[in-house]
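File shown here: input09.cif, holding mmCIF, C-alpha atoms.
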data_final
#
loop_
_atom_site.label_atom_id
_atom_site.label_comp_id
_atom_site.auth_asym_id
_atom_site.auth_seq_id
_atom_site.Cartn_x
_atom_site.Cartn_y
_atom_site.Cartn_z
CA MET A 1 85.64 26.64 62.95
CA PRO A 2 87.16 23.95 65.22
CA VAL A 3 85.51 23.44 68.58
CA ARG A 4 87.84 23.81 71.59
CA SER A 5 87.61 21.61 74.61
CA LYS A 6 87.28 23.19 78.06
CA LEU A 7 90.89 22.20 78.82
CA GLN A 8 92.13 24.03 75.70
CA GLU A 9 90.08 27.11 76.58
CA ARG A 10 91.52 27.12 80.09
CA LYS A 11 95.08 26.92 78.72
CA VAL A 12 94.40 29.80 76.33
CA GLU A 13 93.02 31.92 79.19
CA GLU A 14 96.03 31.12 81.39
CA ALA A 15 98.42 32.08 78.58
CA ALA A 16 96.57 35.37 78.10
CA ARG A 17 96.78 36.14 81.83
CA GLU A 18 100.52 35.38 81.86
CA ARG A 19 101.09 37.73 78.90
CA HIS A 20 99.05 40.42 80.67
CA TRP A 21 101.05 40.19 83.92
CA ALA A 22 104.35 40.01 82.03
CA ALA A 23 103.42 43.23 80.23
CA MET A 24 102.42 44.88 83.54
CA LEU A 25 105.72 43.89 85.17
CA ALA A 26 107.73 45.10 82.17
CA ALA A 27 105.95 48.47 82.30
CA HIS A 28 106.80 48.94 85.98
CA LYS A 29 110.30 47.50 85.92
CA ALA A 30 112.83 50.01 87.14
CA ALA A 31 115.45 51.09 84.69
CA PRO A 32 118.84 49.54 85.49
CA ALA A 33 120.94 51.86 87.65
CA GLU A 34 124.02 53.28 86.10
CA THR A 35 127.17 51.54 87.39
CA PRO A 36 129.25 54.13 89.28
CA ASP A 37 132.86 54.78 88.33
CA ALA A 38 134.99 53.24 91.10
CA ALA A 39 137.99 55.50 90.54
CA GLY A 40 135.84 58.63 90.52
CA LEU A 41 134.06 57.43 93.66
CA ALA A 42 137.43 56.94 95.39
CA TYR A 43 138.30 60.59 94.65
CA ARG A 44 134.97 61.80 96.04
CA LEU A 45 135.34 59.77 99.23
CA ALA A 46 138.87 61.09 99.75
CA ARG A 47 137.63 64.67 99.42
CA SER A 48 134.75 64.00 101.86
CA HIS A 49 136.96 62.57 104.64
CA PRO A 50 140.53 63.80 104.03
CA ARG A 51 141.69 63.18 107.62
CA PHE A 52 141.26 59.41 107.25
CA VAL A 53 142.83 58.93 103.80
CA VAL A 54 145.64 56.32 103.86
CA ARG A 55 146.03 55.80 100.09
CA ASP A 56 146.03 58.24 97.21
CA PRO A 57 142.85 57.65 95.18
CA ALA A 58 145.00 58.18 92.07
CA THR A 59 146.61 54.79 92.75
CA PHE A 60 143.27 52.98 92.41
CA ASN A 61 143.75 50.58 89.51
CA ARG A 62 141.74 47.56 90.67
CA ARG A 63 139.61 45.85 88.08
CA VAL A 64 136.03 45.93 89.35
CA ARG A 65 133.94 43.02 88.09
CA THR A 66 130.71 43.75 89.98
CA LYS A 67 128.02 46.17 88.79
CA ASN A 68 126.48 46.48 92.26
CA ALA A 69 126.73 50.12 93.33
CA ASP A 70 127.03 49.29 97.05
CA ARG A 71 129.86 46.81 96.44
CA ILE A 72 131.70 49.33 94.28
CA ARG A 73 131.31 51.92 97.05
CA LEU A 74 132.81 49.45 99.55
CA ILE A 75 135.74 48.65 97.22
CA ALA A 76 136.52 52.33 96.76
CA ALA A 77 136.23 53.04 100.51
CA GLU A 78 138.56 50.15 101.43
CA HIS A 79 141.15 51.41 98.97
CA VAL A 80 141.08 54.98 100.28
CA PHE A 81 140.63 54.38 104.02
CA GLY A 82 141.54 50.74 104.68
CA ARG A 83 144.88 50.55 106.45
CA TYR A 84 143.50 47.65 108.51
CA PRO A 85 140.71 45.13 107.82
CA VAL A 86 137.48 45.62 109.76
CA ALA A 87 134.61 43.31 110.68
CA ARG A 88 131.68 42.75 108.33
CA HIS A 89 129.20 44.68 110.44
CA ILE A 90 131.54 47.69 110.60
CA ARG A 91 132.07 47.93 106.84
CA SER A 92 128.36 47.26 106.19
CA ILE A 93 127.85 51.05 106.37
CA TRP A 94 128.79 51.06 102.68
CA LEU A 95 126.42 48.19 101.83
CA ASP A 96 123.26 49.42 103.55
CA PRO A 97 121.22 51.54 101.12
CA ASP A 98 118.95 52.81 103.89
CA LEU A 99 121.88 54.38 105.67
CA THR A 100 123.21 56.23 102.66
CA ARG A 101 119.96 58.11 101.96
CA GLU A 102 119.08 61.44 103.49
CA ASP A 103 115.92 60.09 105.14
CA ALA A 104 117.82 57.53 107.25
CA ALA A 105 118.56 58.07 110.93
CA LYS A 106 121.30 60.68 110.72
CA GLN A 107 122.80 60.05 114.14
CA GLU A 108 123.20 56.30 113.59
CA ARG A 109 124.56 56.82 110.10
CA GLU A 110 127.19 59.29 111.33
CA LEU A 111 128.22 57.02 114.22
CA ARG A 112 128.62 53.98 111.99
CA LEU A 113 130.59 55.92 109.41
CA ALA A 114 132.86 57.42 112.08
CA ILE A 115 133.51 54.00 113.62
CA TYR A 116 134.42 52.56 110.22
CA LEU A 117 136.77 55.42 109.34
CA THR A 118 138.52 55.33 112.72
CA ALA A 119 138.81 51.52 112.87
CA ALA A 120 140.00 51.15 109.26
CA SER A 121 142.65 53.85 109.67
CA GLY A 122 143.93 52.44 112.97
CA GLY A 123 142.55 55.00 115.44
CA SER A 124 141.02 54.38 118.88
CA VAL A 125 137.29 53.81 118.44
CA HIS A 126 136.70 53.81 122.20
CA LYS A 127 138.39 57.17 122.75
CA ALA A 128 136.88 58.80 119.71
CA HIS A 129 133.33 57.44 119.62
CA THR A 130 132.11 54.76 122.04
CA GLY A 131 133.56 55.83 125.38
CA ALA A 132 130.33 57.56 126.39
CA PHE A 133 128.19 54.41 126.19
CA MET A 134 130.53 51.38 126.01
CA THR A 135 133.38 50.06 128.13
CA LYS A 136 136.74 49.26 126.53
CA LYS A 137 135.89 45.57 126.77
CA GLU A 138 132.55 46.07 125.01
CA THR A 139 134.19 48.17 122.28
CA HIS A 140 136.86 45.50 121.77
CA ARG A 141 134.13 42.88 121.39
CA LEU A 142 132.25 45.09 118.92
CA LEU A 143 135.27 45.55 116.69
CA ASN A 144 136.17 41.86 116.65
CA LEU A 145 132.84 40.09 116.21
CA GLY A 146 132.76 38.12 112.99
CA HIS A 147 129.41 36.35 112.74
CA THR A 148 126.98 39.07 111.60
CA ASP A 149 126.45 41.80 109.01
CA SER A 150 124.03 43.66 111.29
CA PHE A 151 125.58 46.58 113.16
CA SER A 152 122.67 46.76 115.61
CA GLU A 153 122.91 43.05 116.43
CA ALA A 154 126.68 43.40 116.88
CA LEU A 155 126.25 46.27 119.38
CA TRP A 156 124.01 44.23 121.65
CA MET A 157 126.06 41.06 121.14
CA ALA A 158 129.24 42.88 122.18
CA LEU A 159 127.58 44.14 125.36
CA ALA A 160 126.19 40.71 126.23
CA LEU A 161 129.49 38.89 125.61
CA SER A 162 131.17 41.27 128.04
CA HIS A 163 128.98 39.83 130.81
CA THR A 164 128.68 36.16 129.85
CA GLU A 165 130.96 33.57 128.29
CA ASP A 166 127.97 31.73 126.83
CA ALA A 167 127.72 32.74 123.17
CA GLY A 168 124.22 31.25 122.97
CA VAL A 169 122.94 33.48 125.76
CA ALA A 170 124.55 36.54 124.14
CA HIS A 171 123.07 35.64 120.77
CA ARG A 172 119.56 35.40 122.28
CA VAL A 173 119.97 38.89 123.73
CA ALA A 174 121.18 40.24 120.37
CA CYS A 175 118.24 38.62 118.52
CA SER A 176 115.58 39.76 120.99
CA ARG A 177 113.29 42.78 120.77
CA ILE A 178 115.81 44.79 122.72
CA THR A 179 117.41 45.60 119.36
CA GLU A 180 114.31 47.72 118.66
CA ARG A 181 115.15 49.93 121.63
CA PRO A 182 117.73 52.78 121.55
CA TYR A 183 121.22 51.61 122.51
CA SER A 184 121.97 55.13 123.71
CA ASP A 185 119.51 54.70 126.61
CA PRO A 186 121.37 53.40 129.72
CA PHE A 187 118.20 51.67 130.91
CA TRP A 188 118.13 49.29 127.93
CA ARG A 189 121.83 48.57 128.28
CA ASP A 190 121.10 47.58 131.89
CA VAL A 191 118.35 45.30 130.60
CA ALA A 192 120.79 43.62 128.21
CA ARG A 193 123.28 43.09 131.03
CA PHE A 194 120.48 41.65 133.18
CA PHE A 195 119.56 39.04 130.57
CA SER A 196 123.25 38.25 130.00
CA VAL A 197 123.64 37.08 133.59
CA ASN A 198 120.08 35.72 133.90
CA PRO A 199 119.65 33.33 130.92
CA THR A 200 116.07 33.44 129.67
CA PRO A 201 114.29 31.72 126.75
CA LEU A 202 113.85 34.10 123.83
CA ALA A 203 110.03 34.11 123.92
CA ARG A 204 109.99 34.89 127.65
CA MET A 205 112.70 37.53 127.18
CA ASN A 206 110.63 39.28 124.50
CA ASP A 207 107.59 39.16 126.76
CA ILE A 208 109.54 40.84 129.58
CA ILE A 209 110.96 43.43 127.16
CA ASP A 210 107.41 44.30 126.03
CA PHE A 211 106.43 44.77 129.67
CA LEU A 212 109.53 46.90 130.40
CA ARG A 213 108.80 49.09 127.36
CA GLN A 214 105.27 49.74 128.58
CA GLU A 215 106.40 50.26 132.18
CA ARG A 216 109.21 52.59 131.12
CA ALA A 217 106.75 54.71 129.11
CA ARG A 218 104.42 54.89 132.09
CA ASN A 219 107.19 55.56 134.63
CA PRO A 220 110.47 56.99 133.21
CA ALA A 221 112.15 56.49 136.60
CA TYR A 222 111.65 52.71 136.48
CA SER A 223 115.02 50.96 136.82
CA MET A 224 116.47 47.44 136.88
CA LYS A 225 118.14 48.00 140.24
CA GLY A 226 117.28 45.20 142.66
CA ARG A 227 115.23 43.26 140.08
CA THR A 228 115.42 39.48 139.87
CA LEU A 229 114.14 37.17 137.15
CA ALA A 230 111.48 35.88 139.56
CA SER A 231 110.29 39.37 140.53
CA LEU A 232 110.15 40.46 136.88
CA ALA A 233 108.25 37.32 135.93
CA ALA A 234 105.71 38.07 138.67
CA GLN A 235 105.30 41.64 137.37
CA VAL A 236 104.83 40.39 133.81
CA ASP A 237 102.20 37.86 134.88
CA GLN A 238 100.42 40.62 136.79
CA TRP A 239 100.61 42.86 133.70
CA HIS A 240 99.04 40.12 131.58
CA ARG A 241 96.22 39.69 134.09
CA ALA A 242 95.61 43.45 133.98
CA LEU A 243 95.54 43.42 130.17
CA ASN A 244 93.09 40.51 130.12
CA ARG A 245 90.93 42.18 132.72
CA ALA A 246 90.99 45.47 130.83
CA HIS A 247 90.02 43.62 127.65
CA ARG A 248 87.03 42.09 129.42
CA MET A 249 86.07 45.44 130.96
CA GLY A 250 86.24 47.28 127.66
CA ASP A 251 87.57 50.79 127.12
CA ALA A 252 85.24 52.77 129.34
CA ARG A 253 86.00 56.33 130.47
CA TRP A 254 84.27 58.63 132.94
CA ASP A 255 84.60 62.24 134.11
CA GLY A 256 85.17 61.59 137.83
CA VAL A 257 84.88 64.31 140.46
CA ASP A 258 86.12 67.85 139.95
CA LEU A 259 89.31 67.51 141.96
CA PRO A 260 92.76 67.85 140.40
CA ASP A 261 95.54 65.31 140.84
CA GLN A 262 97.97 66.54 143.46
CA VAL A 263 101.62 66.04 144.40
CA TYR A 264 103.10 66.69 147.85
CA ALA A 265 106.84 66.98 147.30
CA ASN A 266 109.72 66.32 149.67
CA GLN A 267 107.68 65.13 152.65
CA PRO A 268 109.50 63.62 155.68
CA ILE A 269 108.52 60.10 156.75
CA SER A 270 111.40 59.53 159.19
CA LYS A 271 114.46 61.38 160.44
CA ASP A 272 116.55 60.61 157.37
CA ARG A 273 113.96 59.74 154.71
CA ARG A 274 111.85 61.94 152.46
CA VAL A 275 109.37 61.06 149.75
CA ASP A 276 107.03 62.59 147.19
CA TRP A 277 103.35 61.67 147.42
CA ARG A 278 100.93 61.78 144.47
CA PHE A 279 97.13 61.51 144.48
CA HIS A 280 95.79 60.47 141.06
CA GLN A 281 92.12 59.98 140.12
CA ILE A 282 91.44 56.88 138.02
CA THR A 283 89.06 57.63 135.15
CA THR A 284 89.47 54.71 132.71
CA SER A 285 88.70 51.02 132.89
CA ARG A 286 92.29 50.20 131.88
CA GLU A 287 93.74 52.14 134.83
CA LEU A 288 91.19 50.58 137.15
CA ALA A 289 92.15 47.08 135.99
CA GLU A 290 95.86 47.84 136.42
CA GLU A 291 95.26 49.17 139.92
CA GLY A 292 93.35 46.08 140.94
CA SER A 293 95.98 43.72 139.54
CA ALA A 294 98.92 45.63 141.02
CA MET A 295 97.35 45.99 144.46
CA ARG A 296 95.77 42.51 144.53
CA HIS A 297 92.27 43.60 145.43
CA CYS A 298 88.88 43.88 143.71
CA VAL A 299 88.71 47.62 142.97
CA TYR A 300 87.97 46.84 139.30
CA THR A 301 84.47 45.77 140.36
CA TYR A 302 83.73 49.45 141.12
CA GLN A 303 83.68 50.40 137.42
CA GLY A 304 79.88 50.68 137.29
CA ALA A 305 79.80 52.94 140.36
CA CYS A 306 82.48 55.15 138.81
CA ILE A 307 80.64 55.44 135.51
CA ASN A 308 77.34 56.47 137.14
CA GLY A 309 79.14 58.99 139.37
CA ARG A 310 78.44 57.45 142.79
CA THR A 311 82.10 56.66 143.46
CA SER A 312 85.53 57.92 142.48
CA ILE A 313 88.70 55.86 142.86
CA TRP A 314 92.09 57.40 143.63
CA SER A 315 95.57 55.91 143.59
CA LEU A 316 98.06 57.22 146.14
CA LYS A 317 101.67 56.69 145.06
CA GLN A 318 104.98 57.26 146.82
CA ARG A 319 108.39 58.09 145.36
CA PRO A 320 111.50 57.87 147.59
CA LEU A 321 114.01 60.72 147.40
CA SER A 322 117.77 60.61 147.86
CA ARG A 323 120.48 63.22 147.72
CA HIS A 324 121.19 62.62 144.05
CA HIS A 325 117.98 61.40 142.40
CA SER A 326 114.35 60.41 142.76
CA GLY A 327 113.23 56.79 142.71
CA SER A 328 110.29 55.28 140.84
CA TRP A 329 106.64 55.80 141.79
CA ASP A 330 105.24 52.88 143.82
CA ARG A 331 101.59 52.32 144.64
CA ALA A 332 100.78 52.89 148.30
CA LEU A 333 96.98 53.05 148.69
CA THR A 334 93.78 52.70 146.68
CA ILE A 335 91.17 55.16 147.91
CA GLU A 336 87.39 54.96 147.42
CA MET A 337 85.49 58.24 147.69
CA ASP A 338 81.73 58.50 148.19
CA ASN A 339 81.09 61.43 145.87
CA ALA A 340 77.75 62.48 147.34
CA ARG A 341 79.03 62.58 150.91
CA GLN A 342 82.53 63.82 149.96
CA ARG A 343 83.92 61.11 152.22
CA LEU A 344 86.85 58.72 151.82
CA VAL A 345 85.20 55.46 152.80
CA GLN A 346 87.87 52.84 151.98
CA LEU A 347 91.66 53.19 151.98
CA ARG A 348 93.54 49.97 151.29
CA GLY A 349 97.12 49.03 150.49
CA PHE A 350 98.54 45.93 148.84
CA ALA A 351 96.32 42.85 149.38
CA ASN A 352 93.84 45.00 151.36
CA ARG A 353 96.28 45.92 154.13
CA PRO A 354 95.21 48.95 156.25
CA MET A 355 97.03 52.24 155.78
CA ASN A 356 100.09 52.97 157.89
CA ALA A 357 100.90 56.09 159.91
CA ASP A 358 102.74 57.94 157.11
CA GLU A 359 99.91 57.29 154.67
CA ARG A 360 97.33 58.38 157.27
CA ARG A 361 99.12 61.73 157.75
CA ILE A 362 99.28 62.57 154.03
CA VAL A 363 95.69 61.42 153.41
CA THR A 364 94.46 63.56 156.30
CA LEU A 365 96.35 66.59 154.90
CA TRP A 366 94.93 66.07 151.40
CA ALA A 367 91.39 65.54 152.71
CA SER A 368 91.47 68.64 154.91
CA GLU A 369 92.66 70.83 152.00
CA HIS A 370 89.69 69.70 149.87
CA GLY A 371 86.99 69.57 152.56
CA LEU A 372 86.74 65.76 152.60
CA SER A 373 85.97 63.59 155.59
CA VAL A 374 87.94 60.36 156.16
CA ASN A 375 87.01 56.97 157.55
CA LEU A 376 90.38 56.35 159.21
CA HIS A 377 89.46 52.75 159.86
CA GLY A 378 88.24 52.07 156.32
#

Rewrite the structure from the file as structure tokens, please.
Amino acid sequence: MPVRSKLQERKVEEAARERHWAAMLAAHKAAPAETPDAAGLAYRLARSHPRFVVRDPATFNRRVRTKNADRIRLIAAEHVFGRYPVARHIRSIWLDPDLTREDAAKQERELRLAIYLTAASGGSVHKAHTGAFMTKKETHRLLNLGHTDSFSEALWMALALSHTEDAGVAHRVACSRITERPYSDPFWRDVARFFSVNPTPLARMNDIIDFLRQERARNPAYSMKGRTLASLAAQVDQWHRALNRAHRMGDARWDGVDLPDQVYANQPISKDRRVDWRFHQITTSRELAEEGSAMRHCVYTYQGACINGRTSIWSLKQRPLSRHHSGSWDRALTIEMDNARQRLVQLRGFANRPMNADERRIVTLWASEHGLSVNLHG
């Protein structure tokens, strides 16, 4: 029997492995899908959407060379419904397998299909479908973009181009993480408009979007009104400091004192101004870190005292009211309570400022209702 060298043995082993994996792949290879009948598909599409039919499916006599089911679906749809050509991202509804299955997002699928049918047959897309969330200018941009197959990217690109002439700025907006947010939410459309008129590098834009997502979840009333790029950047930096501090502090939790959070609604603070006040007890290291970062003081150093029950920390927030809506919650004071003495010993605002007259009145009311004493000069 001939003796094999190590190199020959290695080649034999490699050949055996290749045969093994080829057999495994062959066993799991999906059977080729049956090529759909284009003429029959045209009839079915016409029956599904009779109002938009512009050509009799019986006249379909085009020779179809492709075997791709999505392409055949597109060819049949363009024959039946296509009075006018439409942009790639509009007709991509027929090419996106995920949007033709039952488990896809039904609302988006129906909107995209309706926009295609209306645009291809010559109807008004703005009147019929997009008037509730897009201007005429934005709709016109959406229908005439020609650089992308992605419907989601085209939506955001159309909005951005309606507020900037710089295609590069608009493209950054359309490629950012904002495309992961719901276009139907007016807040995120405001964010897109903000970045369209405040050009921002993509990495920084994504960082701000991550912050806005977290802030929006925490405070649904948060809005872009009055925001500047500088003020947002400061908030993001503060958010990062809070995250780093929370990471260092761990994920501690404690029970706190047996007092419920409390809201005092519609309280006057001047002749023409009213606000809501909210007292909230902080019972996690993450909240404590966020409070310290937002208020620019060292309350996070009280974590040990909170855990062993000597101290409880409260955040007093204020929300302005107007005739038509409520504003967002803003931090007003951080309050330290000596649990044993049932006494509010420190009450500090931003950067350790003392409390003002309005804050003193609401703190005094809250303390008196719960039998607490107050160091008014704390």

> For the file shown, what are the residues hit by the PyMOL selection byres ((chain A and resi 81-88) around 10), laid out as a PyMOL selection string?
Replying inline: chain A and resi 42+45-46+49-57+75-80+89-93+95+116-122+142-151+154

> From the set A:Thr284, A:Asn266, A:Asn206, A:Thr364, which residue has the shortest atom-to-atom contact distance to Gln318 in chain A, counting all atoms listed in the file?
Replying inline: A:Asn266

>> Need to verify the contact set: Leu344 in chain A, 9 Å, all atoms listed in the file, exclusion of same-chain residues closer than 6 positions in sequence. Can you return it as a ChimeraX atom specification?
In response: /A:335-338,367,372-376,378

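Computed from the coordinates, the CA of Gly40 in chain A to CA of Phe60 in chain A distance equals 9.5 Å.
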
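Relative to CA of His297 in chain A, CA of Asn352 in chain A is found at 6.3 Å.
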
>> Residue by residue, what does the PyMOL selection byres ((chain A and resi 358) around 12) grab here? Present the result as number ranges by chain.
In response: A: 267-270, 273-277, 316, 318, 332-333, 354-357, 359-365

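For the residues A:Ala158, A:Leu321, A:Val236, A:Val191, ranking by smallest atom-to-atom distance to Phe211 in chain A using all atoms listed in the file places A:Val236 first.
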
>> as a PyMOL selection string, please: the residues near Ile115 in chain A (cut-off 7 Å, only C-alpha atoms, same-chain neighbours under 4 positions excluded).
In response: chain A and resi 111+119+125+129

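Closest approach to Leu155 in chain A from the set A:Arg278, A:Arg189, A:Lys127, A:Lys271 is made by A:Arg189, with distances taken over only C-alpha atoms.
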
>> Could you tell me, as a ChimeraX atom specification, exactly which residues end up selected when the PyMOL selection byres ((chain A and resi 165-177) around 9) is applied to this structure?
In response: /A:152-164,178-181,192,195-203,205-206,209-210
